[in-house]
file model25.pdb (PDB, C-alpha atoms and all ligand atoms)
MODEL        1
ATOM      1  CA  MET A   1       5.687 -30.042 -24.865
ATOM      2  CA  GLY A   2       3.007 -27.387 -24.121
ATOM      3  CA  GLU A   3       3.730 -24.392 -21.901
ATOM      4  CA  THR A   4       1.914 -25.876 -18.895
ATOM      5  CA  ALA A   5       3.875 -29.094 -19.144
ATOM      6  CA  VAL A   6       7.130 -27.127 -19.298
ATOM      7  CA  GLU A   7       6.059 -25.106 -16.245
ATOM      8  CA  GLN A   8       5.223 -28.281 -14.348
ATOM      9  CA  THR A   9       8.590 -29.856 -15.173
ATOM     10  CA  VAL A  10      10.443 -26.702 -14.138
ATOM     11  CA  CYS A  11       8.412 -26.522 -10.898
ATOM     12  CA  SER A  12       8.934 -30.084  -9.822
ATOM     13  CA  GLU A  13      12.611 -30.306 -10.775
ATOM     14  CA  ASN A  14      13.966 -26.908  -9.927
ATOM     15  CA  PHE A  15      11.583 -24.593  -8.117
ATOM     16  CA  ASP A  16      11.805 -26.661  -4.958
ATOM     17  CA  ASP A  17      15.547 -26.240  -4.711
ATOM     18  CA  ASP A  18      15.579 -24.818  -1.223
ATOM     19  CA  THR A  19      19.248 -23.933  -1.101
ATOM     20  CA  ASP A  20      19.081 -21.876  -4.287
ATOM     21  CA  PHE A  21      15.834 -20.288  -3.132
ATOM     22  CA  LYS A  22      17.490 -19.183   0.133
ATOM     23  CA  LYS A  23      20.507 -17.912  -1.800
ATOM     24  CA  LEU A  24      18.263 -16.029  -4.217
ATOM     25  CA  LYS A  25      16.427 -14.347  -1.314
ATOM     26  CA  LYS A  26      19.768 -13.038  -0.014
ATOM     27  CA  VAL A  27      20.757 -11.796  -3.495
ATOM     28  CA  MET A  28      17.370 -10.085  -3.820
ATOM     29  CA  HIS A  29      17.688  -8.393  -0.442
ATOM     30  CA  LYS A  30      21.145  -7.110  -1.278
ATOM     31  CA  GLY A  31      20.241  -5.983  -4.790
ATOM     32  CA  THR A  32      16.835  -4.421  -4.117
ATOM     33  CA  GLY A  33      17.028  -3.396  -0.465
ATOM     34  CA  VAL A  34      13.727  -5.244   0.103
ATOM     35  CA  ASN A  35      13.936  -7.940   2.759
ATOM     36  CA  VAL A  36      11.961 -10.639   0.995
ATOM     37  CA  GLU A  37      12.211 -12.960   4.014
ATOM     38  CA  TYR A  38       9.048 -11.252   5.254
ATOM     39  CA  TYR A  39       6.984 -12.152   2.216
ATOM     40  CA  ARG A  40       4.771 -15.214   2.075
ATOM     41  CA  GLU A  41       6.732 -17.995   0.396
ATOM     42  CA  ALA A  42       3.928 -18.944  -2.001
ATOM     43  CA  TYR A  43       3.562 -15.303  -3.057
ATOM     44  CA  LEU A  44       7.294 -14.888  -3.568
ATOM     45  CA  LYS A  45       7.552 -18.075  -5.623
ATOM     46  CA  ARG A  46       4.602 -17.014  -7.792
ATOM     47  CA  ARG A  47       6.229 -13.672  -8.558
ATOM     48  CA  LEU A  48       9.619 -15.310  -9.205
ATOM     49  CA  LYS A  49       8.021 -17.714 -11.634
ATOM     50  CA  VAL A  50       6.970 -14.714 -13.718
ATOM     51  CA  ARG A  51      10.505 -13.265 -13.665
ATOM     52  CA  LEU A  52      12.037 -16.622 -14.638
ATOM     53  CA  MET A  53       9.721 -16.816 -17.601
ATOM     54  CA  VAL A  54      10.431 -13.256 -18.711
ATOM     55  CA  THR A  55      14.195 -13.698 -18.385
ATOM     56  CA  LYS A  56      14.064 -17.158 -19.970
ATOM     57  CA  THR A  57      15.910 -18.721 -17.063
ATOM     58  CA  ASN A  58      14.925 -22.157 -15.844
ATOM     59  CA  THR A  59      16.158 -22.365 -12.283
ATOM     60  CA  TYR A  60      16.755 -20.081  -9.314
ATOM     61  CA  SER A  61      20.454 -20.652  -9.791
ATOM     62  CA  GLU A  62      20.288 -19.507 -13.437
ATOM     63  CA  TYR A  63      18.237 -16.521 -12.368
ATOM     64  CA  ILE A  64      20.907 -15.544  -9.804
ATOM     65  CA  GLN A  65      23.490 -15.602 -12.629
ATOM     66  CA  TYR A  66      21.128 -13.523 -14.779
ATOM     67  CA  LEU A  67      20.767 -10.927 -12.005
ATOM     68  CA  LYS A  68      24.526 -10.687 -11.677
ATOM     69  CA  ALA A  69      24.955 -10.126 -15.411
ATOM     70  CA  ASN A  70      21.932  -7.806 -15.741
ATOM     71  CA  PRO A  71      21.595  -5.586 -12.648
ATOM     72  CA  ASP A  72      18.673  -3.723 -14.304
ATOM     73  CA  GLU A  73      16.638  -6.823 -13.624
ATOM     74  CA  PHE A  74      16.553  -5.857  -9.930
ATOM     75  CA  SER A  75      14.179  -2.973 -10.626
ATOM     76  CA  SER A  76      11.898  -5.199 -12.741
ATOM     77  CA  LEU A  77      11.925  -7.623  -9.842
ATOM     78  CA  VAL A  78      10.868  -4.909  -7.371
ATOM     79  CA  ASN A  79       8.129  -3.847  -9.782
ATOM     80  CA  ASP A  80       6.830  -7.374  -9.962
ATOM     81  CA  LEU A  81       7.022  -7.907  -6.215
ATOM     82  CA  THR A  82       5.286  -4.700  -5.226
ATOM     83  CA  ILE A  83       2.137  -4.866  -7.237
ATOM     84  CA  ASN A  84       1.024  -1.249  -7.303
ATOM     85  CA  TYR A  85      -2.545  -1.728  -8.435
ATOM     86  CA  THR A  86      -4.743   0.928  -6.891
ATOM     87  CA  LYS A  87      -7.466   3.375  -7.851
ATOM     88  CA  PHE A  88      -9.212   6.491  -6.637
ATOM     89  CA  PHE A  89     -11.983   5.715  -4.130
ATOM     90  CA  ARG A  90     -11.229   1.998  -4.268
ATOM     91  CA  ASP A  91     -14.209   0.267  -2.588
ATOM     92  CA  PRO A  92     -16.589   3.260  -2.648
ATOM     93  CA  ASP A  93     -18.521   2.139   0.466
ATOM     94  CA  VAL A  94     -15.356   2.595   2.539
ATOM     95  CA  TYR A  95     -15.065   6.186   1.304
ATOM     96  CA  VAL A  96     -18.777   6.844   1.969
ATOM     97  CA  PHE A  97     -18.161   5.701   5.564
ATOM     98  CA  LEU A  98     -15.103   7.922   5.759
ATOM     99  CA  LYS A  99     -16.926  10.954   4.413
ATOM    100  CA  GLU A 100     -20.136  10.564   6.378
ATOM    101  CA  LYS A 101     -18.924   9.172   9.666
ATOM    102  CA  LEU A 102     -15.227   8.911  10.343
ATOM    103  CA  LEU A 103     -13.758  12.115   8.959
ATOM    104  CA  PRO A 104     -16.490  14.367  10.447
ATOM    105  CA  GLU A 105     -15.978  12.656  13.822
ATOM    106  CA  LEU A 106     -12.214  13.273  13.682
ATOM    107  CA  ILE A 107     -12.491  16.806  12.373
ATOM    108  CA  LEU A 108     -15.196  17.801  14.877
ATOM    109  CA  SER A 109     -13.321  16.282  17.822
ATOM    110  CA  PRO A 110     -11.678  18.760  20.233
ATOM    111  CA  LYS A 111      -8.323  18.117  18.519
ATOM    112  CA  LYS A 112      -6.939  20.918  16.367
ATOM    113  CA  TRP A 113      -4.640  18.676  14.343
ATOM    114  CA  VAL A 114      -5.838  15.435  12.748
ATOM    115  CA  ARG A 115      -3.145  13.073  11.473
ATOM    116  CA  ILE A 116      -3.765  10.290   8.986
ATOM    117  CA  TRP A 117      -1.371   7.707   7.507
ATOM    118  CA  SER A 118      -1.887   5.990   4.168
ATOM    119  CA  ALA A 119       0.559   3.072   4.525
ATOM    120  CA  GLY A 120       1.390   1.409   1.197
ATOM    121  CA  CYS A 121      -0.010   4.294  -0.836
ATOM    122  CA  ALA A 122       1.335   3.038  -4.212
ATOM    123  CA  THR A 123       0.855   5.730  -6.884
ATOM    124  CA  GLY A 124      -1.086   8.094  -4.622
ATOM    125  CA  GLU A 125      -4.738   7.502  -5.460
ATOM    126  CA  GLU A 126      -5.546   6.570  -1.838
ATOM    127  CA  PRO A 127      -4.044   9.637  -0.108
ATOM    128  CA  TYR A 128      -5.494  11.970  -2.769
ATOM    129  CA  SER A 129      -8.958  10.402  -2.347
ATOM    130  CA  LEU A 130      -8.589  11.038   1.387
ATOM    131  CA  ALA A 131      -7.393  14.590   0.804
ATOM    132  CA  MET A 132     -10.398  15.406  -1.412
ATOM    133  CA  LEU A 133     -12.861  14.055   1.145
ATOM    134  CA  THR A 134     -11.092  15.889   3.923
ATOM    135  CA  GLN A 135     -11.522  19.147   2.004
ATOM    136  CA  GLU A 136     -15.212  18.390   1.545
ATOM    137  CA  VAL A 137     -15.708  17.694   5.256
ATOM    138  CA  LEU A 138     -13.650  20.703   6.341
ATOM    139  CA  LYS A 139     -15.843  22.961   4.211
ATOM    140  CA  GLN A 140     -18.931  21.815   6.133
ATOM    141  CA  SER A 141     -17.260  22.027   9.512
ATOM    142  CA  PRO A 142     -17.893  24.955  11.836
ATOM    143  CA  LYS A 143     -14.540  24.252  13.481
ATOM    144  CA  GLN A 144     -11.035  25.062  12.221
ATOM    145  CA  CYS A 145      -8.808  22.024  12.036
ATOM    146  CA  GLN A 146      -5.508  21.145  10.426
ATOM    147  CA  VAL A 147      -5.243  17.793   8.661
ATOM    148  CA  THR A 148      -1.959  16.085   7.735
ATOM    149  CA  ILE A 149      -1.790  12.951   5.596
ATOM    150  CA  TYR A 150       1.410  10.889   5.647
ATOM    151  CA  ALA A 151       1.612   8.669   2.572
ATOM    152  CA  SER A 152       4.311   6.017   2.441
ATOM    153  CA  ASP A 153       5.478   3.180   0.243
ATOM    154  CA  LEU A 154       8.710   1.295  -0.258
ATOM    155  CA  ASP A 155       8.502   1.434  -4.047
ATOM    156  CA  LYS A 156      10.341   4.606  -5.077
ATOM    157  CA  THR A 157       8.981   4.601  -8.643
ATOM    158  CA  ALA A 158       5.401   4.439  -7.389
ATOM    159  CA  LEU A 159       6.110   7.174  -4.854
ATOM    160  CA  ALA A 160       7.575   9.462  -7.518
ATOM    161  CA  LYS A 161       4.371   9.096  -9.523
ATOM    162  CA  ALA A 162       2.347   9.706  -6.378
ATOM    163  CA  SER A 163       4.104  12.930  -5.541
ATOM    164  CA  SER A 164       3.811  14.174  -9.120
ATOM    165  CA  GLY A 165       0.012  13.905  -8.716
ATOM    166  CA  THR A 166      -0.484  13.556 -12.478
ATOM    167  CA  TYR A 167      -2.906  11.017 -13.902
ATOM    168  CA  ASN A 168      -4.378  10.078 -17.265
ATOM    169  CA  ARG A 169      -8.062  10.082 -18.123
ATOM    170  CA  ARG A 170      -8.436   6.398 -17.372
ATOM    171  CA  ALA A 171      -6.971   6.734 -13.877
ATOM    172  CA  VAL A 172      -9.408   9.476 -12.877
ATOM    173  CA  GLN A 173     -12.497   7.638 -14.100
ATOM    174  CA  GLY A 174     -13.551   6.675 -10.559
ATOM    175  CA  ILE A 175     -13.743  10.309  -9.471
ATOM    176  CA  ASP A 176     -17.058  12.079  -9.398
ATOM    177  CA  GLU A 177     -17.113  14.883 -12.053
ATOM    178  CA  GLU A 178     -17.728  17.574  -9.458
ATOM    179  CA  LEU A 179     -14.720  16.528  -7.373
ATOM    180  CA  LEU A 180     -12.619  16.156 -10.508
ATOM    181  CA  SER A 181     -13.240  19.714 -11.617
ATOM    182  CA  LYS A 182     -12.756  21.097  -8.094
ATOM    183  CA  TYR A 183      -9.534  19.295  -7.224
ATOM    184  CA  PHE A 184      -7.732  18.690 -10.551
ATOM    185  CA  GLU A 185      -6.538  20.917 -13.353
ATOM    186  CA  LEU A 186      -6.081  19.822 -16.931
ATOM    187  CA  ASP A 187      -2.578  19.864 -18.363
ATOM    188  CA  GLY A 188      -2.972  18.830 -22.005
ATOM    189  CA  GLU A 189      -4.522  15.388 -21.767
ATOM    190  CA  LEU A 190      -3.416  14.845 -18.178
ATOM    191  CA  TYR A 191      -5.117  15.621 -14.878
ATOM    192  CA  LYS A 192      -2.995  17.271 -12.200
ATOM    193  CA  VAL A 193      -3.940  17.411  -8.544
ATOM    194  CA  LYS A 194      -4.242  21.074  -7.528
ATOM    195  CA  PRO A 195      -1.500  22.306  -5.170
ATOM    196  CA  PHE A 196      -3.862  22.965  -2.238
ATOM    197  CA  VAL A 197      -4.967  19.286  -2.306
ATOM    198  CA  LYS A 198      -1.356  18.141  -2.330
ATOM    199  CA  LYS A 199      -0.246  20.491   0.433
ATOM    200  CA  PRO A 200      -1.347  18.425   3.455
ATOM    201  CA  ILE A 201       0.194  15.222   2.042
ATOM    202  CA  HIS A 202       3.743  14.180   2.975
ATOM    203  CA  PHE A 203       5.069  11.415   0.727
ATOM    204  CA  GLU A 204       7.678   9.186   2.333
ATOM    205  CA  ASP A 205       9.816   6.267   1.278
ATOM    206  CA  GLN A 206       9.216   3.861   4.137
ATOM    207  CA  ASP A 207       9.282   0.106   4.578
ATOM    208  CA  LEU A 208       6.490  -1.160   6.803
ATOM    209  CA  MET A 209       8.947  -3.599   8.360
ATOM    210  CA  THR A 210      10.822  -0.798  10.034
ATOM    211  CA  PRO A 211       9.549   0.262  13.467
ATOM    212  CA  PRO A 212       6.867   2.957  13.475
ATOM    213  CA  ILE A 213       8.151   6.486  13.540
ATOM    214  CA  ARG A 214       4.940   8.247  14.562
ATOM    215  CA  ARG A 215       2.662   8.108  17.580
ATOM    216  CA  ASN A 216      -0.803   9.425  18.345
ATOM    217  CA  LEU A 217      -2.159   9.081  14.831
ATOM    218  CA  ASP A 218      -5.919   9.387  14.409
ATOM    219  CA  LEU A 219      -6.381   7.089  11.435
ATOM    220  CA  ILE A 220      -4.294   4.580   9.484
ATOM    221  CA  LEU A 221      -5.309   3.141   6.135
ATOM    222  CA  CYS A 222      -3.299   0.087   5.197
ATOM    223  CA  ARG A 223      -5.287  -1.484   2.428
ATOM    224  CA  ASN A 224      -4.336  -4.317   0.117
ATOM    225  CA  VAL A 225      -0.790  -4.497   1.411
ATOM    226  CA  MET A 226      -0.903  -7.275   4.025
ATOM    227  CA  ILE A 227      -1.683  -9.904   1.398
ATOM    228  CA  TYR A 228       2.047 -10.071   0.644
ATOM    229  CA  PHE A 229       3.194 -10.919   4.148
ATOM    230  CA  SER A 230       3.425 -14.037   6.255
ATOM    231  CA  ARG A 231       1.052 -14.207   9.236
ATOM    232  CA  ASP A 232       3.799 -13.493  11.762
ATOM    233  CA  ILE A 233       4.817 -10.356   9.927
ATOM    234  CA  GLN A 234       1.186  -9.259   9.619
ATOM    235  CA  GLN A 235       0.878  -9.546  13.417
ATOM    236  CA  GLN A 236       4.022  -7.480  13.834
ATOM    237  CA  ILE A 237       2.809  -4.757  11.484
ATOM    238  CA  TYR A 238      -0.657  -4.590  13.092
ATOM    239  CA  THR A 239       1.037  -4.294  16.489
ATOM    240  CA  ASN A 240       3.158  -1.443  15.093
ATOM    241  CA  PHE A 241      -0.042   0.247  13.872
ATOM    242  CA  TYR A 242      -1.525  -0.168  17.339
ATOM    243  CA  ASP A 243       1.512   1.600  18.795
ATOM    244  CA  SER A 244       1.260   4.390  16.233
ATOM    245  CA  LEU A 245      -2.427   5.127  16.897
ATOM    246  CA  ARG A 246      -3.813   7.161  19.761
ATOM    247  CA  THR A 247      -6.363   5.424  21.958
ATOM    248  CA  GLY A 248      -9.632   5.446  20.005
ATOM    249  CA  GLY A 249      -7.771   5.915  16.702
ATOM    250  CA  TYR A 250      -8.923   3.969  13.656
ATOM    251  CA  LEU A 251      -7.365   1.394  11.337
ATOM    252  CA  ILE A 252      -8.802   0.454   7.946
ATOM    253  CA  THR A 253      -7.568  -2.645   6.114
ATOM    254  CA  GLY A 254      -8.388  -3.945   2.643
ATOM    255  CA  LYS A 255     -11.663  -5.774   2.066
ATOM    256  CA  THR A 256      -9.947  -9.146   1.827
ATOM    257  CA  GLU A 257      -7.743  -8.521   4.858
ATOM    258  CA  PHE A 258      -8.512  -8.566   8.552
ATOM    259  CA  VAL A 259      -6.736  -8.162  11.837
ATOM    260  CA  ALA A 260      -6.451 -11.709  13.159
ATOM    261  CA  GLY A 261      -4.703 -13.617  15.955
ATOM    262  CA  GLU A 262      -3.102 -11.803  18.905
ATOM    263  CA  ALA A 263      -3.367  -8.389  17.258
ATOM    264  CA  ASN A 264      -7.148  -8.761  17.039
ATOM    265  CA  ASN A 265      -7.452  -8.317  20.829
ATOM    266  CA  LYS A 266      -6.011  -4.848  20.465
ATOM    267  CA  PHE A 267      -8.786  -3.575  18.200
ATOM    268  CA  VAL A 268     -12.581  -3.386  18.216
ATOM    269  CA  ASP A 269     -14.570  -3.998  15.011
ATOM    270  CA  VAL A 270     -16.361  -0.791  14.097
ATOM    271  CA  ASN A 271     -17.601  -1.573  10.613
ATOM    272  CA  PRO A 272     -16.831  -5.174   9.611
ATOM    273  CA  ALA A 273     -17.975  -4.770   5.998
ATOM    274  CA  CYS A 274     -15.596  -1.869   5.447
ATOM    275  CA  ARG A 275     -12.897  -3.426   7.666
ATOM    276  CA  VAL A 276     -12.766  -0.488  10.061
ATOM    277  CA  TYR A 277     -11.168  -1.128  13.453
ATOM    278  CA  LYS A 278     -10.732   1.065  16.511
ATOM    279  CA  LYS A 279      -7.805   0.948  18.921
ATOM    280  CA  ALA A 280      -9.197  -0.578  22.103
TER     281      ALA A 280
HETATM  282  C1  LIG A 301      -1.736  -3.139  -4.117
HETATM  283  S1  LIG A 301      -0.944  -1.668  -3.600
HETATM  284  C2  LIG A 301      -2.202  -0.989  -2.548
HETATM  285  C3  LIG A 301      -2.379   0.494  -2.747
HETATM  286  C4  LIG A 301      -3.510   1.127  -1.936
HETATM  287  N1  LIG A 301      -3.268   0.992  -0.517
HETATM  288  C5  LIG A 301      -4.836   0.543  -2.313
HETATM  289  O1  LIG A 301      -5.431  -0.188  -1.518
HETATM  290  O2  LIG A 301      -5.306   0.805  -3.415
HETATM  291  C6  LIG A 301       0.210  -2.297  -2.413
HETATM  292  C7  LIG A 301       1.371  -1.365  -2.133
HETATM  293  O3  LIG A 301       2.072  -1.838  -0.980
HETATM  294  C8  LIG A 301       3.430  -1.531  -1.143
HETATM  295  N2  LIG A 301       4.274  -2.369  -0.276
HETATM  296  C9  LIG A 301       4.561  -3.689  -0.372
HETATM  297  N3  LIG A 301       5.403  -4.072   0.580
HETATM  298  C10 LIG A 301       5.660  -2.948   1.338
HETATM  299  C11 LIG A 301       6.467  -2.680   2.478
HETATM  300  N4  LIG A 301       7.193  -3.655   3.057
HETATM  301  N5  LIG A 301       6.505  -1.420   2.951
HETATM  302  C12 LIG A 301       5.790  -0.428   2.378
HETATM  303  N6  LIG A 301       4.995  -0.610   1.301
HETATM  304  C13 LIG A 301       4.938  -1.859   0.783
HETATM  305  C14 LIG A 301       3.677  -1.827  -2.626
HETATM  306  O4  LIG A 301       4.842  -1.156  -3.087
HETATM  307  C15 LIG A 301       2.387  -1.312  -3.266
HETATM  308  O5  LIG A 301       2.542  -0.005  -3.729
ENDMDL
END
call {"tool": "encode", "arguments": {"input": "model25.pdb", "output": "structure tokens", "more": "lines below"}}
Ligand SMILES: C[S@@+](CC[C@H](N)C(=O)[O-])C[C@H]1O[C@@H](n2cnc3c(N)ncnc32)[C@H](O)[C@@H]1O
result
Amino acid sequence: MGETAVEQTVCSENFDDDTDFKKLKKVMHKGTGVNVEYYREAYLKRRLKVRLMVTKTNTYSEYIQYLKANPDEFSSLVNDLTINYTKFFRDPDVYVFLKEKLLPELILSPKKWVRIWSAGCATGEEPYSLAMLTQEVLKQSPKQCQVTIYASDLDKTALAKASSGTYNRRAVQGIDEELLSKYFELDGELYKVKPFVKKPIHFEDQDLMTPPIRRNLDLILCRNVMIYFSRDIQQQIYTNFYDSLRTGGYLITGKTEFVAGEANNKFVDVNPACRVYKKA
């Protein structure tokens, strides 16, 4: 039997076992601390299929036994669930908009302290891209202004890499040479973010499911994170973002994401192509 045929047999006979699936979700929550009830079922099942293949288990029930016997598997499971793919200046047009329009507007506003949140920051490329642009805008600004960037994720391994601020040559490829030499220093073959770029960034281990802890933020970037969640949970998180922003504050989602349903009434589209919204 070919691999696809095996997969199909496994899917039809075992993957639909609802009781074991529910049990597995509880085991996962307990073992990883991540409440997987919030994730889209199709997404969760796709990721589990990968883990079942890797661990050579055939059913959810077998996989539960495997987890019990091999607790290290919990961290592989978290890694697989929280896909950390990211890059510096991901979707360059969004960063052009930030540099030319949004950041100057925030920095030149009467406020003396601008606060930004990169929610689901993975390994740090997003908050560092923001920090570099902020430096560029601040240099041009006639006004003094303090900028703080909160950068959060629930994946501790990704966060540790983010706060180390150390990247290989491949990771920094998307950065313009001038910015690279201004904001990074070479350490052997690795590129390290200079301390003054890191200074305004506060890395935090935070699950987006927990209620917001900050108010009056000026800008939230939550890009390529919502894809994991069911629609109800997306609504809840967008409502939390609404509560965390000041009136007139901005929200930027990923290019394939958008604020839909009830939550959509709370925001005005500012730049649909770049998925920029403003708190109404
Ligand atoms: C694909 S990365 C996106 C990184 C970056 N925002 C970007 O657009 O390049 C998604 C990140 O969301 C994080 N994530 C997933 N579920 C989360 C949750 N409930 N709370 C906080 N972060 C979460 C993952 O750990 C992962 O690092």
call {"tool": "resolve_selection", "arguments": {"input": "model25.pdb", "expression": "the PyMOL selection byres (((not hetatm)) within 10 of (chain A and resi 301))", "output": "NGL selection string"}}
result
:A and (34-36 or 38-39 or 78-91 or 118-127 or 151-159 or 204-210 or 221-229 or 233 or 237 or 253-255)
call {"tool": "resolve_selection", "arguments": {"input": "model25.pdb", "expression": "the PyMOL selection byres (((chain A and resi 168) around 9) and not hetatm)", "output": "count of residues only"}}
result
10
call {"tool": "closest_residue", "arguments": {"input": "model25.pdb", "among": "A:Gly249, A:Pro200, A:Ala131, A:Thr57", "to": "Ser109 of chain A", "atoms": "only C-alpha atoms"}}
result
A:Gly249
call {"tool": "resolve_selection", "arguments": {"input": "model25.pdb", "expression": "the PyMOL selection byres (((chain A and resi 180-183) around 10) and not hetatm)", "output": "count of residues only"}}
result
23
call {"tool": "residues_around", "arguments": {"input": "model25.pdb", "residues": "Glu136 of chain A", "least_positions_apart": "5", "cutoff": "10 Å", "atoms": "all atoms listed in the file", "output": "number ranges by chain"}}
result
A: 99, 103-104, 130-131, 141, 179
call {"tool": "residues_around", "arguments": {"input": "model25.pdb", "residues": "segment 258-272 of chain A", "least_positions_apart": "2", "cutoff": "9 Å", "atoms": "all atoms listed in the file", "output": "PyMOL selection string"}}
result
chain A and resi 97+226+231+234-236+238-239+242+250-251+253-256+274-280
call {"tool": "closest_residue", "arguments": {"input": "model25.pdb", "among": "A:Arg115, A:Ser129, A:Ile64, A:Lys161", "to": "Pro92 of chain A", "atoms": "all atoms listed in the file"}}
result
A:Ser129
call {"tool": "atom_distance", "arguments": {"input": "model25.pdb", "atom1": "atom CA of Gln140 of chain A", "atom2": "atom CA of Asn216 of chain A"}}
result
25.1 Å
call {"tool": "atom_distance", "arguments": {"input": "model25.pdb", "atom1": "atom CA of Gly165 of chain A", "atom2": "atom CA of Leu217 of chain A"}}
result
24.1 Å
call {"tool": "residues_around", "arguments": {"input": "model25.pdb", "residues": "segment 66-70 of chain A", "least_positions_apart": "4", "cutoff": "8 Å", "atoms": "all atoms listed in the file", "output": "PyMOL selection string"}}
result
chain A and resi 55+57+62+74
call {"tool": "atom_distance", "arguments": {"input": "model25.pdb", "atom1": "atom CA of Ser61 of chain A", "atom2": "atom CA of Asp20 of chain A"}}
result
5.8 Å
call {"tool": "axis_aligned_box", "arguments": {"input": "model25.pdb", "around": "segment 242-257 of chain A", "padding_each_side": "5 Å", "output": "lines of an AutoDock Vina configuration file"}}
result
center_x = -5.1
center_y = -1.0
center_z = 11.9
size_x = 23.2
size_y = 26.3
size_z = 30.1
call {"tool": "closest_residue", "arguments": {"input": "model25.pdb", "among": "A:Pro212, A:Glu257, A:Lys23, A:Ile220", "to": "Leu102 of chain A", "atoms": "all atoms listed in the file"}}
result
A:Ile220
call {"tool": "closest_residue", "arguments": {"input": "model25.pdb", "among": "A:Leu77, A:Val137, A:Ile201, A:Tyr43", "to": "Lys101 of chain A", "atoms": "all atoms listed in the file"}}
result
A:Val137
call {"tool": "closest_residue", "arguments": {"input": "model25.pdb", "among": "A:Asp218, A:Asp232, A:Asp72, A:Asp243", "to": "Ile107 of chain A", "atoms": "all atoms listed in the file"}}
result
A:Asp218
